[in-house]
$ cat final-v7.tsv   # TSV, C-alpha atoms
chain	number	residue	atom	x	y	z
U	1	MET	CA	96.63	125.98	92.84
U	2	GLN	CA	95.23	122.52	92.27
U	3	TYR	CA	96.90	119.46	93.80
U	4	SER	CA	96.81	115.77	93.01
U	5	GLN	CA	98.24	112.64	94.55
U	6	LEU	CA	101.29	111.32	92.74
U	7	GLY	CA	100.19	107.99	91.34
U	8	ARG	CA	99.10	105.53	94.02
U	9	SER	CA	101.25	107.28	96.64
U	10	GLY	CA	99.94	109.53	99.38
U	11	LEU	CA	102.17	112.40	98.19
U	12	LYS	CA	100.29	115.53	97.08
U	13	VAL	CA	101.87	117.60	94.32
U	14	SER	CA	100.78	120.66	92.35
U	15	ARG	CA	99.19	120.13	88.94
U	16	LEU	CA	102.18	121.89	87.38
U	17	CYS	CA	105.75	120.80	88.05
U	18	LEU	CA	108.56	123.34	87.79
U	19	GLY	CA	111.33	121.99	85.58
U	20	THR	CA	114.75	123.52	86.25
U	21	MET	CA	116.78	122.32	83.25
U	22	ASN	CA	117.27	125.88	81.96
U	23	PHE	CA	118.62	127.18	85.27
U	24	GLY	CA	122.28	127.94	84.73
U	25	PRO	CA	122.79	127.43	80.99
U	26	GLN	CA	119.82	129.60	79.91
U	27	THR	CA	118.68	131.43	83.03
U	28	GLU	CA	121.14	133.16	85.35
U	29	GLU	CA	121.04	132.25	89.03
U	30	PRO	CA	119.32	135.41	90.38
U	31	ALA	CA	116.55	135.07	87.79
U	32	ALA	CA	116.26	131.34	88.52
U	33	HIS	CA	115.86	132.06	92.24
U	34	ALA	CA	113.17	134.64	91.45
U	35	ILE	CA	111.30	132.14	89.27
U	36	MET	CA	111.42	129.51	92.02
U	37	ASP	CA	110.14	132.02	94.57
U	38	SER	CA	107.32	133.03	92.24
U	39	ALA	CA	106.41	129.40	91.54
U	40	LEU	CA	106.29	128.59	95.25
U	41	ASP	CA	104.19	131.69	95.95
U	42	ALA	CA	101.77	130.56	93.20
U	43	GLY	CA	101.37	127.20	94.92
U	44	ILE	CA	103.70	125.09	92.77
U	45	ASN	CA	105.25	122.77	95.35
U	46	PHE	CA	106.77	120.25	92.90
U	47	PHE	CA	110.25	120.99	91.49
U	48	ASP	CA	112.14	118.69	89.10
U	49	THR	CA	115.86	118.64	88.40
U	50	ALA	CA	118.62	116.13	87.55
U	51	ASN	CA	122.23	115.53	88.47
U	52	VAL	CA	123.37	116.12	84.85
U	53	TYR	CA	121.58	119.44	84.38
U	54	GLY	CA	123.93	122.34	83.81
U	55	GLY	CA	125.44	121.46	80.46
U	56	SER	CA	128.14	119.06	79.32
U	57	LYS	CA	130.91	121.13	80.96
U	58	ALA	CA	129.05	121.97	84.17
U	59	ARG	CA	127.05	118.92	85.20
U	60	GLY	CA	125.52	119.48	88.62
U	61	TRP	CA	125.31	123.24	88.15
U	62	THR	CA	121.50	123.31	88.24
U	63	GLU	CA	121.30	121.27	91.44
U	64	GLU	CA	123.76	123.71	93.03
U	65	ILE	CA	121.55	126.65	92.02
U	66	VAL	CA	118.53	124.95	93.60
U	67	GLY	CA	120.60	124.15	96.69
U	68	ARG	CA	121.62	127.77	97.16
U	69	TRP	CA	117.96	128.75	96.81
U	70	PHE	CA	117.04	126.29	99.58
U	71	ALA	CA	119.82	127.76	101.72
U	72	LYS	CA	118.05	131.12	101.76
U	73	GLY	CA	115.65	129.64	104.28
U	74	GLY	CA	112.05	130.72	104.59
U	75	GLU	CA	111.02	127.04	104.66
U	76	ARG	CA	111.82	126.80	100.95
U	77	ARG	CA	112.96	123.19	101.30
U	78	GLU	CA	110.09	122.22	103.59
U	79	ARG	CA	107.53	123.64	101.16
U	80	THR	CA	109.02	121.87	98.13
U	81	VAL	CA	108.52	118.33	96.88
U	82	LEU	CA	111.97	117.81	95.40
U	83	ALA	CA	112.61	115.46	92.49
U	84	THR	CA	115.98	114.75	90.93
U	85	LYS	CA	117.41	112.05	88.67
U	86	VAL	CA	120.27	109.59	88.29
U	87	TYR	CA	121.67	107.83	85.22
U	88	GLY	CA	123.56	110.37	83.11
U	89	THR	CA	127.33	110.40	82.81
U	90	MET	CA	128.94	112.72	85.35
U	91	SER	CA	132.60	112.07	84.48
U	92	ASP	CA	134.78	109.85	82.31
U	93	ARG	CA	135.25	107.35	85.14
U	94	PRO	CA	133.57	104.00	84.40
U	95	ASN	CA	131.22	103.85	87.40
U	96	GLU	CA	129.77	107.37	87.28
U	97	SER	CA	126.77	106.70	85.07
U	98	ARG	CA	123.76	104.41	84.75
U	99	LEU	CA	122.04	102.50	87.55
U	100	SER	CA	124.58	100.23	89.22
U	101	ALA	CA	124.28	100.02	93.00
U	102	LEU	CA	127.63	101.80	93.22
U	103	ASN	CA	126.58	104.71	91.03
U	104	ILE	CA	123.20	105.07	92.73
U	105	ARG	CA	124.92	105.36	96.12
U	106	ARG	CA	127.58	107.80	94.96
U	107	ALA	CA	125.29	109.87	92.72
U	108	LEU	CA	122.65	110.18	95.43
U	109	ASP	CA	125.15	111.43	97.99
U	110	ALA	CA	126.57	113.90	95.46
U	111	SER	CA	123.08	115.23	94.63
U	112	LEU	CA	122.26	115.61	98.31
U	113	LYS	CA	125.43	117.64	98.81
U	114	ARG	CA	124.77	119.91	95.81
U	115	LEU	CA	121.16	120.42	96.82
U	116	GLY	CA	122.03	121.09	100.45
U	117	THR	CA	119.45	118.67	101.79
U	118	ASP	CA	119.48	115.33	103.58
U	119	TYR	CA	116.72	113.63	101.56
U	120	ILE	CA	115.15	113.52	98.10
U	121	ASP	CA	111.38	113.27	97.90
U	122	LEU	CA	111.31	111.62	94.45
U	123	TYR	CA	114.48	109.96	93.12
U	124	GLN	CA	114.07	109.13	89.44
U	125	PHE	CA	115.88	106.87	87.00
U	126	HIS	CA	116.60	109.19	84.07
U	127	HIS	CA	116.68	106.31	81.59
U	128	VAL	CA	116.31	102.54	81.65
U	129	ASP	CA	119.58	100.67	82.28
U	130	ARG	CA	119.50	97.50	80.19
U	131	ASN	CA	122.77	96.26	81.70
U	132	THR	CA	121.86	96.33	85.40
U	133	PRO	CA	119.36	93.82	86.85
U	134	TRP	CA	116.37	95.25	88.65
U	135	GLU	CA	117.21	93.22	91.75
U	136	GLU	CA	120.43	95.25	92.09
U	137	ILE	CA	118.69	98.56	91.42
U	138	TRP	CA	115.95	97.95	93.97
U	139	GLN	CA	118.44	96.71	96.55
U	140	ALA	CA	120.31	100.02	96.28
U	141	VAL	CA	117.06	101.99	96.47
U	142	ASP	CA	115.82	100.00	99.48
U	143	VAL	CA	119.04	100.79	101.34
U	144	ALA	CA	118.69	104.51	100.52
U	145	VAL	CA	115.07	104.46	101.70
U	146	GLN	CA	116.09	102.79	104.95
U	147	GLN	CA	118.76	105.45	105.41
U	148	GLY	CA	116.13	108.17	104.96
U	149	LYS	CA	117.79	109.56	101.84
U	150	ILE	CA	114.93	108.71	99.43
U	151	LEU	CA	111.18	108.73	100.02
U	152	TYR	CA	109.81	107.70	96.61
U	153	SER	CA	111.20	106.38	93.32
U	154	GLY	CA	110.24	107.28	89.78
U	155	SER	CA	111.31	106.62	86.21
U	156	SER	CA	111.83	108.64	83.06
U	157	ASN	CA	111.86	107.67	79.39
U	158	PHE	CA	110.77	104.08	80.08
U	159	ALA	CA	108.82	101.92	77.66
U	160	GLY	CA	105.66	100.24	78.92
U	161	TRP	CA	107.37	96.88	79.31
U	162	HIS	CA	110.21	98.51	81.25
U	163	LEU	CA	107.64	99.79	83.75
U	164	ALA	CA	106.18	96.28	84.01
U	165	ARG	CA	109.57	94.68	84.64
U	166	ALA	CA	110.50	97.30	87.22
U	167	GLN	CA	107.25	96.89	89.14
U	168	GLU	CA	107.24	93.10	89.05
U	169	ALA	CA	110.82	93.04	90.39
U	170	ALA	CA	109.83	95.47	93.15
U	171	ASP	CA	106.82	93.33	94.06
U	172	ARG	CA	109.05	90.28	94.47
U	173	ARG	CA	111.08	92.25	97.02
U	174	HIS	CA	107.94	93.64	98.69
U	175	SER	CA	109.24	97.09	97.78
U	176	ASN	CA	107.13	100.09	96.87
U	177	GLY	CA	108.62	100.39	93.38
U	178	LEU	CA	107.91	103.30	91.08
U	179	VAL	CA	105.25	105.92	91.77
U	180	SER	CA	105.76	108.04	88.64
U	181	GLU	CA	106.98	108.05	85.05
U	182	GLN	CA	108.30	111.06	83.13
U	183	SER	CA	107.62	110.72	79.44
U	184	ILE	CA	107.52	113.01	76.46
U	185	TYR	CA	103.82	113.60	75.90
U	186	ASN	CA	102.01	116.46	74.21
U	187	LEU	CA	99.43	117.10	71.51
U	188	LEU	CA	102.00	116.54	68.77
U	189	THR	CA	103.83	113.55	70.29
U	190	ARG	CA	101.28	111.04	71.58
U	191	ASN	CA	103.13	107.72	71.27
U	192	ALA	CA	102.94	107.27	75.04
U	193	GLU	CA	99.24	106.48	74.62
U	194	LEU	CA	100.11	103.13	73.02
U	195	GLU	CA	101.74	101.36	75.98
U	196	VAL	CA	103.42	103.74	78.45
U	197	ILE	CA	100.22	105.34	79.71
U	198	PRO	CA	98.28	102.04	79.99
U	199	ALA	CA	101.20	100.51	81.91
U	200	ALA	CA	101.46	103.55	84.20
U	201	GLN	CA	97.75	103.39	84.95
U	202	GLN	CA	97.84	99.64	85.54
U	203	TYR	CA	100.66	99.94	88.08
U	204	GLY	CA	99.48	103.15	89.73
U	205	LEU	CA	102.13	105.54	88.40
U	206	GLY	CA	101.52	109.24	87.99
U	207	LEU	CA	102.47	110.57	84.55
U	208	LEU	CA	104.73	113.63	84.42
U	209	PRO	CA	104.87	114.80	80.78
U	210	TRP	CA	108.04	116.56	79.73
U	211	SER	CA	108.30	118.82	76.68
U	212	PRO	CA	104.60	119.72	76.93
U	213	LEU	CA	105.03	122.27	74.10
U	214	ASN	CA	107.10	119.89	71.96
U	215	GLY	CA	110.17	122.09	71.97
U	216	GLY	CA	108.12	125.24	71.47
U	217	LEU	CA	106.18	124.05	68.41
U	218	LEU	CA	102.92	124.32	70.37
U	219	GLY	CA	103.76	127.71	71.84
U	220	GLY	CA	102.61	129.92	68.98
U	221	VAL	CA	105.74	129.57	66.87
U	222	LEU	CA	104.08	130.31	63.50
U	223	LYS	CA	102.37	133.40	64.87
U	224	GLU	CA	105.72	134.60	66.19
U	225	GLU	CA	107.49	133.91	62.91
U	226	ASP	CA	104.74	135.74	61.02
U	227	ALA	CA	105.49	138.68	63.30
U	228	GLY	CA	109.17	138.53	62.36
U	229	VAL	CA	110.44	136.55	65.39
U	230	ARG	CA	112.52	133.67	64.03
U	231	ARG	CA	113.08	130.93	66.61
U	232	SER	CA	113.30	127.61	64.75
U	233	GLU	CA	116.46	126.14	63.31
U	234	GLY	CA	118.00	122.72	62.73
U	235	ARG	CA	115.78	119.81	63.80
U	236	ALA	CA	113.17	122.19	65.19
U	237	LEU	CA	112.87	123.87	61.80
U	238	GLU	CA	112.50	120.49	60.10
U	239	ALA	CA	109.75	119.49	62.54
U	240	LEU	CA	108.02	122.83	61.99
U	241	LYS	CA	108.02	122.32	58.22
U	242	LYS	CA	106.69	118.77	58.62
U	243	HIS	CA	103.81	119.79	60.88
U	244	SER	CA	103.19	123.35	59.71
U	245	ASP	CA	99.65	122.68	58.50
U	246	GLN	CA	98.63	121.11	61.82
U	247	ILE	CA	100.30	123.84	63.83
U	248	ARG	CA	98.64	126.58	61.80
U	249	ARG	CA	95.23	124.96	62.36
U	250	TYR	CA	96.06	124.63	66.04
U	251	GLU	CA	97.05	128.26	66.46
U	252	ALA	CA	93.88	129.35	64.68
U	253	PHE	CA	91.80	127.15	66.99
U	254	ALA	CA	93.56	128.58	70.07
U	255	GLU	CA	92.74	132.08	68.84
U	256	GLU	CA	89.12	131.06	68.26
U	257	LEU	CA	88.91	129.84	71.86
U	258	GLY	CA	90.64	132.98	73.12
U	259	HIS	CA	93.64	131.21	74.62
U	260	GLU	CA	97.38	131.40	74.07
U	261	PRO	CA	98.66	128.31	72.21
U	262	ALA	CA	101.09	127.40	75.01
U	263	ALA	CA	98.39	127.61	77.68
U	264	LEU	CA	96.01	125.55	75.56
U	265	ALA	CA	98.62	122.80	75.09
U	266	LEU	CA	99.14	122.60	78.84
U	267	ALA	CA	95.41	122.69	79.51
U	268	TRP	CA	94.92	119.73	77.15
U	269	LEU	CA	97.46	117.72	79.16
U	270	LEU	CA	95.71	118.65	82.41
U	271	HIS	CA	92.50	117.19	80.98
U	272	GLN	CA	94.12	113.79	80.32
U	273	PRO	CA	93.18	111.36	83.12
U	274	ALA	CA	96.63	109.75	83.42
U	275	VAL	CA	98.49	113.05	83.82
U	276	THR	CA	99.50	114.20	87.29
U	277	ALA	CA	101.55	117.28	86.40
U	278	PRO	CA	103.13	118.53	83.16
U	279	ILE	CA	106.71	119.68	83.66
U	280	VAL	CA	107.11	123.30	82.61
U	281	GLY	CA	110.64	124.64	82.14
U	282	PRO	CA	110.42	128.43	82.06
U	283	ARG	CA	113.46	130.48	81.16
U	284	THR	CA	111.73	133.69	82.24
U	285	GLN	CA	109.09	134.89	84.66
U	286	GLU	CA	106.80	135.64	81.71
U	287	GLN	CA	106.92	132.00	80.60
U	288	LEU	CA	106.01	130.85	84.11
U	289	ASP	CA	103.07	133.27	84.21
U	290	ALA	CA	101.85	131.93	80.86
U	291	ALA	CA	102.02	128.35	82.15
U	292	LEU	CA	100.02	129.23	85.26
U	293	ARG	CA	97.19	130.57	83.09
U	294	ALA	CA	96.60	127.03	81.81
U	295	LEU	CA	95.19	126.04	85.20
U	296	SER	CA	92.09	128.17	84.66
U	297	ILE	CA	91.22	126.79	81.22
U	298	GLU	CA	88.26	124.42	81.04
U	299	LEU	CA	87.93	122.44	77.82
U	300	ASP	CA	84.58	120.89	76.92
U	301	VAL	CA	84.09	117.67	74.97
U	302	GLU	CA	83.74	119.53	71.69
U	303	ALA	CA	87.04	121.38	72.18
U	304	LEU	CA	88.85	118.18	73.10
U	305	GLN	CA	87.45	116.46	70.03
U	306	SER	CA	88.58	119.35	67.85
U	307	LEU	CA	92.11	119.05	69.23
U	308	ASP	CA	92.07	115.31	68.56
U	309	ALA	CA	91.03	116.06	64.98
U	310	ILE	CA	94.04	118.34	64.52
U	311	PHE	CA	96.46	116.03	66.34
U	312	PRO	CA	95.14	112.44	66.14
U	313	GLY	CA	96.16	110.28	69.07
U	314	HIS	CA	96.47	106.56	69.68
U	315	ARG	CA	94.33	103.88	71.15
U	316	THR	CA	95.90	101.39	73.54
U	317	ALA	CA	98.11	98.78	71.86
U	318	PRO	CA	97.37	96.38	70.22
U	319	GLU	CA	93.91	97.73	69.38
U	320	ASP	CA	95.51	100.80	67.82
U	321	TYR	CA	97.11	98.82	65.01
U	322	ALA	CA	95.80	95.25	65.12
U	323	TRP	CA	92.05	95.31	65.66
$ encode --input "final-v7.tsv" --output "structure tokens"
Amino acid sequence: MQYSQLGRSGLKVSRLCLGTMNFGPQTEEPAAHAIMDSALDAGINFFDTANVYGGSKARGWTEEIVGRWFAKGGERRERTVLATKVYGTMSDRPNESRLSALNIRRALDASLKRLGTDYIDLYQFHHVDRNTPWEEIWQAVDVAVQQGKILYSGSSNFAGWHLARAQEAADRRHSNGLVSEQSIYNLLTRNAELEVIPAAQQYGLGLLPWSPLNGGLLGGVLKEEDAGVRRSEGRALEALKKHSDQIRRYEAFAEELGHEPAALALAWLLHQPAVTAPIVGPRTQEQLDAALRALSIELDVEALQSLDAIFPGHRTAPEDYAW
């Protein structure tokens, strides 16, 4: 396994992050525990979850599954860099969502209880809260850090200017601020290159791409459908129709290189200088094994240029559209 420091922090994390969103709703608990054991044995020490994971009727379910896995012992907790998130609505009560100081305190304690641990390595804001001032957010985080309940803070789904505001507010308080940003980023969805990635690099944040296969569109979906496996429906089917020519070229290029499309998509992310660890969310052991194969793929300049030709990216704003 390869490891990298998370942003400007001294924390070392594996180059793949295990996402747990499917644990519970899609993957039963025994299988989820087996996947986590396999990931840890493979050297993946970075696990990501969220307080809302588990589905609309079972929020917190995924954290409980992870907590029961920790409770098995074997230094599972000690070997894991644990990341979870706060923001999402946990009930219909008015103060059980977003990033108020009250919700941060209550949500953090609830996550700690579900996870069966006394601290979170990386506590992430699942979305920007436009109604809560950063001074209040950082005050709540500073208290939690002083209490030993949080070690590092991160963000998710922030715009570039949100990262700037968060970091400038933290600097005024002489706080550490954010060390990471989770953003949708993959070969097909490259908007983050405009402002999110430049801001993350400027402020020393590690980038944790979610949806690295763009909802499965980069995982060999056309090849599977040609073989009679129908997976796409609704919005996914619309996206497939829109990008079918690109995806067909991509799958042909992956075959030419001798790689699985899913592994190639992850390997491309691992070759991007801003990326610390793509978040992979396997539902099965086979999907985890496929993700691990990406770590051994080396892409030369010509291959990277070919991928850019299929899926054109962005330059940094404003050069991308103004110069």
$ closest_residue --input "final-v7.tsv" --among "U:Ala107, U:Ala254, U:Ala277, U:Leu264" --to "Asn45 of chain U" --atoms "all atoms listed in the file"
U:Ala277
$ atom_distance --input "final-v7.tsv" --atom1 "atom CA of Gln272 of chain U" --atom2 "atom CA of Asp129 of chain U"
28.7 Å
$ residues_around --input "final-v7.tsv" --residues "Arg173 of chain U" --least-positions-apart "5" --cutoff "10 Å" --atoms "all atoms listed in the file" --output "number ranges by chain"
U: 135, 138-139, 142, 167-168
$ write_last_selection --input "final-v7.tsv" --atoms "C-alpha atoms" --output "short mmCIF file (atom, residue, chain, number, x, y, z; two decimals), in the frame of the given file"
data_model
loop_
_atom_site.label_atom_id
_atom_site.label_comp_id
_atom_site.auth_asym_id
_atom_site.auth_seq_id
_atom_site.Cartn_x
_atom_site.Cartn_y
_atom_site.Cartn_z
CA GLU U 135 117.21 93.22 91.75
CA TRP U 138 115.95 97.95 93.97
CA GLN U 139 118.44 96.71 96.55
CA ASP U 142 115.82 100.00 99.48
CA GLN U 167 107.25 96.89 89.14
CA GLU U 168 107.24 93.10 89.05
#
$ atom_distance --input "final-v7.tsv" --atom1 "atom CA of Phe158 of chain U" --atom2 "atom CA of Ser183 of chain U"
7.4 Å
$ atom_distance --input "final-v7.tsv" --atom1 "atom CA of Gln202 of chain U" --atom2 "atom CA of Glu319 of chain U"
16.7 Å
$ closest_residue --input "final-v7.tsv" --among "U:Ser211, U:Ser156, U:Asn186, U:Ser180" --to "Gly19 of chain U" --atoms "all atoms listed in the file"
U:Ser211
$ residues_around --input "final-v7.tsv" --residues "Leu213 of chain U" --least-positions-apart "4" --cutoff "7 Å" --atoms "only C-alpha atoms" --output "ChimeraX atom specification"
/U:186,217-219,262,265
$ axis_aligned_box --input "final-v7.tsv" --around "segment 41-44 of chain U" --padding-each-side "8 Å" --output "lines of an AutoDock Vina configuration file"
center_x = 102.8
center_y = 128.4
center_z = 94.4
size_x = 18.8
size_y = 22.6
size_z = 19.2
$ residues_around --input "final-v7.tsv" --residues "segment 11-18 of chain U" --least-positions-apart "4" --cutoff "9 Å" --atoms "only C-alpha atoms" --output "PDB file with C-alpha atoms, keeping the file's coordinate frame"
ATOM      1  CA  MET U   1      96.630 125.980  92.840  1.00  0.00           C
ATOM      2  CA  GLN U   2      95.230 122.520  92.270  1.00  0.00           C
ATOM      3  CA  TYR U   3      96.900 119.460  93.800  1.00  0.00           C
ATOM      4  CA  SER U   4      96.810 115.770  93.010  1.00  0.00           C
ATOM      5  CA  GLN U   5      98.240 112.640  94.550  1.00  0.00           C
ATOM      6  CA  LEU U   6     101.290 111.320  92.740  1.00  0.00           C
ATOM      7  CA  GLY U   7     100.190 107.990  91.340  1.00  0.00           C
ATOM      8  CA  MET U  36     111.420 129.510  92.020  1.00  0.00           C
ATOM      9  CA  ALA U  39     106.410 129.400  91.540  1.00  0.00           C
ATOM     10  CA  GLY U  43     101.370 127.200  94.920  1.00  0.00           C
ATOM     11  CA  ILE U  44     103.700 125.090  92.770  1.00  0.00           C
ATOM     12  CA  ASN U  45     105.250 122.770  95.350  1.00  0.00           C
ATOM     13  CA  PHE U  46     106.770 120.250  92.900  1.00  0.00           C
ATOM     14  CA  PHE U  47     110.250 120.990  91.490  1.00  0.00           C
ATOM     15  CA  ASP U  48     112.140 118.690  89.100  1.00  0.00           C
ATOM     16  CA  THR U  49     115.860 118.640  88.400  1.00  0.00           C
ATOM     17  CA  VAL U  81     108.520 118.330  96.880  1.00  0.00           C
ATOM     18  CA  LEU U 208     104.730 113.630  84.420  1.00  0.00           C
ATOM     19  CA  LEU U 270      95.710 118.650  82.410  1.00  0.00           C
ATOM     20  CA  VAL U 275      98.490 113.050  83.820  1.00  0.00           C
ATOM     21  CA  THR U 276      99.500 114.200  87.290  1.00  0.00           C
ATOM     22  CA  ALA U 277     101.550 117.280  86.400  1.00  0.00           C
ATOM     23  CA  PRO U 278     103.130 118.530  83.160  1.00  0.00           C
ATOM     24  CA  ILE U 279     106.710 119.680  83.660  1.00  0.00           C
ATOM     25  CA  VAL U 280     107.110 123.300  82.610  1.00  0.00           C
ATOM     26  CA  GLY U 281     110.640 124.640  82.140  1.00  0.00           C
ATOM     27  CA  PRO U 282     110.420 128.430  82.060  1.00  0.00           C
ATOM     28  CA  LEU U 288     106.010 130.850  84.110  1.00  0.00           C
ATOM     29  CA  ALA U 291     102.020 128.350  82.150  1.00  0.00           C
ATOM     30  CA  LEU U 292     100.020 129.230  85.260  1.00  0.00           C
ATOM     31  CA  LEU U 295      95.190 126.040  85.200  1.00  0.00           C
TER      32      LEU U 295
END
$ residues_around --input "final-v7.tsv" --residues "Trp161 of chain U" --least-positions-apart "6" --cutoff "9 Å" --atoms "all atoms listed in the file" --output "ChimeraX atom specification"
/U:195-196,199
$ residues_around --input "final-v7.tsv" --residues "segment 111-128 of chain U" --least-positions-apart "3" --cutoff "7 Å" --atoms "all atoms listed in the file" --output "ChimeraX atom specification"
/U:51,63-64,66-67,81-87,107-108,148-158
$ write_last_selection --input "final-v7.tsv" --atoms "C-alpha atoms" --output "PDB file, in the frame of the given file"
ATOM      1  CA  ASN U  51     122.230 115.530  88.470  1.00  0.00           C
ATOM      2  CA  GLU U  63     121.300 121.270  91.440  1.00  0.00           C
ATOM      3  CA  GLU U  64     123.760 123.710  93.030  1.00  0.00           C
ATOM      4  CA  VAL U  66     118.530 124.950  93.600  1.00  0.00           C
ATOM      5  CA  GLY U  67     120.600 124.150  96.690  1.00  0.00           C
ATOM      6  CA  VAL U  81     108.520 118.330  96.880  1.00  0.00           C
ATOM      7  CA  LEU U  82     111.970 117.810  95.400  1.00  0.00           C
ATOM      8  CA  ALA U  83     112.610 115.460  92.490  1.00  0.00           C
ATOM      9  CA  THR U  84     115.980 114.750  90.930  1.00  0.00           C
ATOM     10  CA  LYS U  85     117.410 112.050  88.670  1.00  0.00           C
ATOM     11  CA  VAL U  86     120.270 109.590  88.290  1.00  0.00           C
ATOM     12  CA  TYR U  87     121.670 107.830  85.220  1.00  0.00           C
ATOM     13  CA  ALA U 107     125.290 109.870  92.720  1.00  0.00           C
ATOM     14  CA  LEU U 108     122.650 110.180  95.430  1.00  0.00           C
ATOM     15  CA  GLY U 148     116.130 108.170 104.960  1.00  0.00           C
ATOM     16  CA  LYS U 149     117.790 109.560 101.840  1.00  0.00           C
ATOM     17  CA  ILE U 150     114.930 108.710  99.430  1.00  0.00           C
ATOM     18  CA  LEU U 151     111.180 108.730 100.020  1.00  0.00           C
ATOM     19  CA  TYR U 152     109.810 107.700  96.610  1.00  0.00           C
ATOM     20  CA  SER U 153     111.200 106.380  93.320  1.00  0.00           C
ATOM     21  CA  GLY U 154     110.240 107.280  89.780  1.00  0.00           C
ATOM     22  CA  SER U 155     111.310 106.620  86.210  1.00  0.00           C
ATOM     23  CA  SER U 156     111.830 108.640  83.060  1.00  0.00           C
ATOM     24  CA  ASN U 157     111.860 107.670  79.390  1.00  0.00           C
ATOM     25  CA  PHE U 158     110.770 104.080  80.080  1.00  0.00           C
TER      26      PHE U 158
END
$ closest_residue --input "final-v7.tsv" --among "U:Pro273, U:Met90, U:Ala290, U:Thr316" --to "Arg106 of chain U" --atoms "all atoms listed in the file"
U:Met90
$ closest_residue --input "final-v7.tsv" --among "U:Asn214, U:Gln146, U:His314, U:Pro133" --to "Arg165 of chain U" --atoms "all atoms listed in the file"
U:Pro133
$ closest_residue --input "final-v7.tsv" --among "U:Ala317, U:Ile197, U:Ala42, U:Leu102" --to "Arg293 of chain U" --atoms "only C-alpha atoms"
U:Ala42
